[in-house]
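Pasting entry-v9.cif here (mmCIF, C-alpha atoms):
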data_my_file
#
loop_
_atom_site.group_PDB
_atom_site.id
_atom_site.type_symbol
_atom_site.label_atom_id
_atom_site.label_comp_id
_atom_site.auth_asym_id
_atom_site.auth_seq_id
_atom_site.Cartn_x
_atom_site.Cartn_y
_atom_site.Cartn_z
ATOM 1 C CA MET A 254 93.529 85.123 118.237
ATOM 2 C CA THR A 255 95.200 87.209 120.951
ATOM 3 C CA VAL A 256 96.268 90.847 121.138
ATOM 4 C CA HIS A 257 99.574 91.192 122.996
ATOM 5 C CA PHE A 258 100.553 94.559 124.477
ATOM 6 C CA HIS A 259 104.167 95.610 125.051
ATOM 7 C CA GLU A 260 105.913 98.752 126.295
ATOM 8 C CA GLU A 261 108.841 100.257 124.340
ATOM 9 C CA ASP A 262 109.895 97.110 122.442
ATOM 10 C CA LEU A 263 108.777 93.815 120.970
ATOM 11 C CA PRO A 264 109.881 90.728 122.932
ATOM 12 C CA ALA A 265 112.436 88.605 121.112
ATOM 13 C CA GLY A 266 111.251 85.545 119.252
ATOM 14 C CA VAL A 267 107.504 86.167 119.290
ATOM 15 C CA LEU A 268 107.097 86.313 115.501
ATOM 16 C CA ALA A 269 107.298 83.476 113.000
ATOM 17 C CA ASP A 270 109.539 83.831 109.966
ATOM 18 C CA GLY A 271 108.191 85.428 106.806
ATOM 19 C CA PRO A 272 106.164 88.547 105.984
ATOM 20 C CA VAL A 273 104.827 90.762 108.764
ATOM 21 C CA ALA A 274 101.895 93.140 108.699
ATOM 22 C CA VAL A 275 102.763 96.564 110.129
ATOM 23 C CA ASP A 276 100.829 99.691 111.045
ATOM 24 C CA THR A 277 101.378 102.757 113.213
ATOM 25 C CA GLU A 278 99.342 105.061 115.412
ATOM 26 C CA THR A 279 100.569 108.625 115.854
ATOM 27 C CA MET A 280 99.367 111.837 117.485
ATOM 28 C CA GLY A 281 98.420 113.216 114.080
ATOM 29 C CA LEU A 282 99.332 113.305 110.411
ATOM 30 C CA ILE A 283 102.369 115.612 110.491
ATOM 31 C CA THR A 284 105.265 113.266 111.131
ATOM 32 C CA HIS A 285 107.799 115.806 112.420
ATOM 33 C CA ARG A 286 105.260 117.178 114.907
ATOM 34 C CA ASP A 287 103.033 114.251 115.832
ATOM 35 C CA ARG A 288 104.968 111.565 117.646
ATOM 36 C CA LEU A 289 104.801 107.844 117.030
ATOM 37 C CA CYS A 290 102.744 106.210 119.795
ATOM 38 C CA VAL A 291 102.099 102.606 118.753
ATOM 39 C CA VAL A 292 103.491 100.131 116.248
ATOM 40 C CA GLN A 293 101.291 97.139 115.470
ATOM 41 C CA ILE A 294 102.794 93.999 113.972
ATOM 42 C CA SER A 295 101.517 90.537 113.073
ATOM 43 C CA ASP A 296 103.070 87.480 111.441
ATOM 44 C CA GLY A 297 99.677 86.332 110.165
ATOM 45 C CA GLN A 298 99.496 83.324 112.474
ATOM 46 C CA GLY A 299 96.553 84.673 114.474
ATOM 47 C CA ASP A 300 98.041 87.024 117.072
ATOM 48 C CA GLU A 301 98.772 90.738 116.936
ATOM 49 C CA HIS A 302 101.453 92.583 118.899
ATOM 50 C CA LEU A 303 101.132 96.234 119.917
ATOM 51 C CA VAL A 304 104.257 98.134 120.982
ATOM 52 C CA ARG A 305 103.496 101.392 122.794
ATOM 53 C CA PHE A 306 106.002 104.249 123.095
ATOM 54 C CA GLY A 307 105.698 106.842 125.873
ATOM 55 C CA PRO A 308 106.090 110.611 125.427
ATOM 56 C CA ASP A 309 109.688 110.471 126.708
ATOM 57 C CA SER A 310 110.675 107.380 124.693
ATOM 58 C CA ASP A 311 114.112 107.158 123.129
ATOM 59 C CA TYR A 312 112.681 104.670 120.598
ATOM 60 C CA ALA A 313 115.573 102.273 121.169
ATOM 61 C CA ALA A 314 113.434 99.133 120.582
ATOM 62 C CA PRO A 315 116.220 96.835 119.302
ATOM 63 C CA ASN A 316 114.006 93.787 118.783
ATOM 64 C CA LEU A 317 111.333 95.691 116.880
ATOM 65 C CA LYS A 318 113.930 97.498 114.784
ATOM 66 C CA ALA A 319 115.614 94.216 113.871
ATOM 67 C CA VAL A 320 112.334 92.862 112.489
ATOM 68 C CA LEU A 321 111.448 96.054 110.650
ATOM 69 C CA ALA A 322 114.910 96.443 109.114
ATOM 70 C CA ASP A 323 115.211 92.781 108.070
ATOM 71 C CA PRO A 324 115.568 92.781 104.257
ATOM 72 C CA ALA A 325 114.383 89.169 104.138
ATOM 73 C CA ARG A 326 110.946 90.048 105.563
ATOM 74 C CA ILE A 327 108.288 91.682 103.399
ATOM 75 C CA LYS A 328 106.340 94.289 105.360
ATOM 76 C CA LEU A 329 102.631 94.545 104.574
ATOM 77 C CA TYR A 330 100.977 97.935 104.997
ATOM 78 C CA HIS A 331 97.798 99.731 104.097
ATOM 79 C CA TYR A 332 99.081 103.131 102.923
ATOM 80 C CA ALA A 333 102.753 102.364 103.444
ATOM 81 C CA ARG A 334 103.831 105.882 102.528
ATOM 82 C CA PHE A 335 102.766 107.290 105.906
ATOM 83 C CA ASP A 336 103.941 104.387 108.054
ATOM 84 C CA LEU A 337 107.354 104.208 106.403
ATOM 85 C CA ALA A 338 107.940 107.894 107.100
ATOM 86 C CA ALA A 339 106.859 107.650 110.751
ATOM 87 C CA ILE A 340 108.960 104.553 111.393
ATOM 88 C CA HIS A 341 111.991 106.053 109.671
ATOM 89 C CA TYR A 342 111.718 109.348 111.530
ATOM 90 C CA TYR A 343 111.251 107.910 115.024
ATOM 91 C CA LEU A 344 112.862 104.453 114.889
ATOM 92 C CA ASP A 345 115.548 105.354 112.338
ATOM 93 C CA VAL A 346 115.028 102.270 110.159
ATOM 94 C CA MET A 347 113.541 101.900 106.696
ATOM 95 C CA ALA A 348 110.950 99.163 107.152
ATOM 96 C CA ALA A 349 111.170 97.595 103.701
ATOM 97 C CA PRO A 350 110.715 95.652 101.407
ATOM 98 C CA VAL A 351 107.076 96.637 101.049
ATOM 99 C CA PHE A 352 103.700 95.397 99.904
ATOM 100 C CA CYS A 353 101.054 98.129 100.108
ATOM 101 C CA THR A 354 97.447 96.950 99.949
ATOM 102 C CA LYS A 355 96.179 100.453 99.183
ATOM 103 C CA ILE A 356 98.358 100.798 96.076
ATOM 104 C CA ALA A 357 97.489 97.272 94.991
ATOM 105 C CA SER A 358 93.815 98.088 95.452
ATOM 106 C CA LYS A 359 94.090 101.218 93.302
ATOM 107 C CA LEU A 360 95.767 99.200 90.550
ATOM 108 C CA VAL A 361 93.162 96.427 90.395
ATOM 109 C CA ARG A 362 89.934 97.869 91.869
ATOM 110 C CA THR A 363 89.575 100.574 89.228
ATOM 111 C CA TYR A 364 85.800 100.179 89.375
ATOM 112 C CA THR A 365 85.656 102.066 92.682
ATOM 113 C CA ASP A 366 87.241 105.020 94.457
ATOM 114 C CA ARG A 367 86.878 103.360 97.858
ATOM 115 C CA HIS A 368 90.299 102.042 98.783
ATOM 116 C CA GLY A 369 90.200 102.391 102.569
ATOM 117 C CA LEU A 370 91.111 99.419 104.740
ATOM 118 C CA LYS A 371 87.513 99.007 105.885
ATOM 119 C CA ASN A 372 86.154 98.847 102.323
ATOM 120 C CA LEU A 373 88.919 96.565 101.126
ATOM 121 C CA ALA A 374 88.617 94.076 103.985
ATOM 122 C CA ASN A 375 84.871 93.931 103.526
ATOM 123 C CA GLU A 376 84.976 93.283 99.786
ATOM 124 C CA LEU A 377 87.913 90.886 99.701
ATOM 125 C CA LEU A 378 87.327 88.983 102.934
ATOM 126 C CA GLY A 379 83.824 89.788 104.126
ATOM 127 C CA ALA A 380 85.368 91.218 107.317
ATOM 128 C CA GLU A 381 83.908 94.152 109.229
ATOM 129 C CA ILE A 382 86.376 96.669 110.693
ATOM 130 C CA SER A 383 85.297 99.494 112.995
ATOM 131 C CA LYS A 384 87.125 102.791 112.452
ATOM 132 C CA GLN A 385 85.581 104.434 115.523
ATOM 133 C CA GLN A 386 88.896 104.744 117.391
ATOM 134 C CA GLN A 387 90.874 106.060 114.414
ATOM 135 C CA SER A 388 90.995 109.653 115.658
ATOM 136 C CA SER A 389 91.299 108.919 119.374
ATOM 137 C CA ASP A 390 94.157 110.031 121.650
ATOM 138 C CA TRP A 391 96.941 107.500 121.147
ATOM 139 C CA GLY A 392 99.373 109.350 123.411
ATOM 140 C CA GLY A 393 97.612 108.852 126.719
ATOM 141 C CA PRO A 394 99.048 106.845 129.633
ATOM 142 C CA GLU A 395 96.622 103.989 128.985
ATOM 143 C CA LEU A 396 95.120 102.512 125.842
ATOM 144 C CA SER A 397 91.513 101.413 126.161
ATOM 145 C CA GLU A 398 90.396 97.956 125.099
ATOM 146 C CA ALA A 399 88.602 99.579 122.169
ATOM 147 C CA GLN A 400 91.830 101.270 121.066
ATOM 148 C CA ARG A 401 93.792 98.038 121.364
ATOM 149 C CA GLU A 402 91.231 96.131 119.330
ATOM 150 C CA TYR A 403 91.173 98.851 116.672
ATOM 151 C CA ALA A 404 94.977 98.908 116.438
ATOM 152 C CA ALA A 405 95.114 95.113 116.179
ATOM 153 C CA SER A 406 92.449 95.032 113.467
ATOM 154 C CA ASP A 407 94.610 97.285 111.293
ATOM 155 C CA VAL A 408 97.121 94.441 110.822
ATOM 156 C CA ARG A 409 94.849 91.437 111.352
ATOM 157 C CA TYR A 410 93.680 91.099 107.753
ATOM 158 C CA LEU A 411 96.662 92.310 105.717
ATOM 159 C CA HIS A 412 98.136 88.852 105.050
ATOM 160 C CA ALA A 413 94.865 87.495 103.672
ATOM 161 C CA MET A 414 94.237 90.678 101.697
ATOM 162 C CA ARG A 415 97.688 90.461 100.124
ATOM 163 C CA LYS A 416 96.983 86.937 98.861
ATOM 164 C CA GLU A 417 93.798 88.054 97.142
ATOM 165 C CA LEU A 418 95.368 91.205 95.725
ATOM 166 C CA ILE A 419 98.300 89.217 94.307
ATOM 167 C CA LYS A 420 95.781 87.082 92.406
ATOM 168 C CA ARG A 421 94.091 90.157 91.005
ATOM 169 C CA LEU A 422 97.360 91.845 90.062
ATOM 170 C CA GLU A 423 98.366 88.705 88.164
ATOM 171 C CA ARG A 424 94.950 88.473 86.515
ATOM 172 C CA GLU A 425 95.121 92.064 85.277
ATOM 173 C CA GLY A 426 98.772 91.887 84.216
ATOM 174 C CA ARG A 427 99.860 94.531 86.727
ATOM 175 C CA THR A 428 102.227 92.605 88.978
ATOM 176 C CA GLU A 429 105.400 94.229 87.671
ATOM 177 C CA ILE A 430 104.109 97.793 87.843
ATOM 178 C CA ALA A 431 102.807 97.146 91.368
ATOM 179 C CA GLN A 432 106.225 95.876 92.449
ATOM 180 C CA ALA A 433 107.877 98.959 90.936
ATOM 181 C CA CYS A 434 105.521 101.134 92.976
ATOM 182 C CA PHE A 435 106.266 99.166 96.143
ATOM 183 C CA ASP A 436 110.016 99.457 95.535
ATOM 184 C CA PHE A 437 109.711 103.233 95.159
ATOM 185 C CA LEU A 438 107.744 103.747 98.385
ATOM 186 C CA PRO A 439 110.791 104.160 100.679
ATOM 187 C CA THR A 440 112.031 106.937 98.398
ATOM 188 C CA ARG A 441 108.536 108.455 98.330
ATOM 189 C CA ALA A 442 108.530 108.514 102.134
ATOM 190 C CA LEU A 443 111.957 110.170 102.203
ATOM 191 C CA LEU A 444 110.755 112.806 99.726
ATOM 192 C CA ASP A 445 107.805 113.509 102.017
ATOM 193 C CA MET A 446 110.122 113.958 104.977
ATOM 194 C CA ALA A 447 112.436 116.205 102.962
ATOM 195 C CA GLY A 448 109.648 118.639 102.048
ATOM 196 C CA TRP A 449 108.228 117.332 98.773
ATOM 197 C CA SER A 450 105.024 115.821 100.140
ATOM 198 C CA GLU A 451 102.727 118.183 98.199
ATOM 199 C CA HIS A 452 104.861 118.726 95.087
ATOM 200 C CA ASP A 453 104.839 116.312 92.153
ATOM 201 C CA ILE A 454 108.431 116.361 90.967
ATOM 202 C CA PHE A 455 107.437 114.246 87.980
ATOM 203 C CA SER A 456 105.003 116.841 86.636
ATOM 204 C CA HIS A 457 105.892 119.279 83.837
ATOM 205 C CA MET A 458 105.298 122.389 85.958
#
If you took the structure in this file and wrote it as structure tokens, what would it be?
Amino acid sequence: MTVHFHEEDLPAGVLADGPVAVDTETMGLITHRDRLCVVQISDGQGDEHLVRFGPDSDYAAPNLKAVLADPARIKLYHYARFDLAAIHYYLDVMAAPVFCTKIASKLVRTYTDRHGLKNLANELLGAEISKQQQSSDWGGPELSEAQREYAASDVRYLHAMRKELIKRLEREGRTEIAQACFDFLPTRALLDMAGWSEHDIFSHM
């Protein structure tokens, strides 16, 4: 298991075919204001790749964009809504189709309100994830080893978690509704970016 670090783009040919786990690190939670700093990606074969973007980046990244935009690759996220918006805004691609472990968790783990990545990885896989670096400065000129390990851990377990969540969705008869939610997520991200992040357009009021 190796964490590979890259500047401004993913090298060509480093990922196996099939689904990829994806996550992002930004300067904050307001996409228009808080720039995209790191994209993490893993093919589930044991390595993680971190792509860092500098403050003056043009976000060209043709190799990374090709992977993210590939309609034949499922992208695995934990809370896809945020990552899809950040990737679309800065890299100008919609990184779909989607499997979101947070949504899947909410559909099948109705016995708890703890749907964070740390809780989910621990229950499903017995894995321990440290969230200590979550709120650190991702825009600095250097990423510490602790930051790199944290970023890598955010995609390290998504493939295995998806397998377990698929079993539970099937067991509870919620596979189709989960897929409908996943299919809607790109539109949900676009609504967020267009100003409807806090307004439920499906509500009566």
Original post:
Written as a list in words, what is the full residue list that the PyMOL selection byres ((chain A and resi 287) around 12) yields on the file shown?
Top reply: Thr277, Glu278, Thr279, Met280, Gly281, Leu282, Ile283, Thr284, His285, Arg286, Arg288, Leu289, Cys290, Pro308, Ala338, Ala339, Tyr342, Tyr343, Asp390, Trp391 and Gly392 of chain A
**OP:** Find the residue from A:Asp407, A:Lys355, A:Arg427, A:Ala433 that sits nearest to Arg334 (chain A); use only C-alpha atoms when measuring.
**Re:** A:Lys355
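Proximity ranking of A:Ala319, A:Val351, A:Ala313, A:Ala269 relative to Asp300 (chain A) places A:Ala269 first, based on only C-alpha atoms.
Ranking A:Asp296, A:Glu402, A:Glu260, A:Glu376 by their shortest atom-to-atom distance to Leu418 (chain A), with only C-alpha atoms included, puts A:Glu376 first.
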Subject >> Given only C-alpha atoms as the counted atoms, nearest of A:Val320, A:Leu443, A:Val361, A:Ala274 to Ile419 (chain A) >> reply: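 Among A:Val320, A:Leu443, A:Val361, A:Ala274, it is A:Val361 that comes nearest to Ile419 (chain A).
Distance annotation: of A:Val256, A:Leu344, A:Ile430, A:Leu444, the residue with the minimal separation from Gln400 (chain A) is A:Val256; atom set is all atoms listed in the file.
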**OP:** Kindly provide, as a VMD selection string, the polymer residues lying within 6 Å of (104.4, 98.8, 104.0), counting all atoms listed in the file and using the coordinates exactly as they appear in the file.
**Re:** chain A and resid 328 to 330 333 351 to 353
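Candidate residues A:Ala325, A:Ala349, A:Val267, A:Leu303 were compared for distance to Asp436 (chain A), and the nearest is A:Ala349, using all atoms listed in the file.
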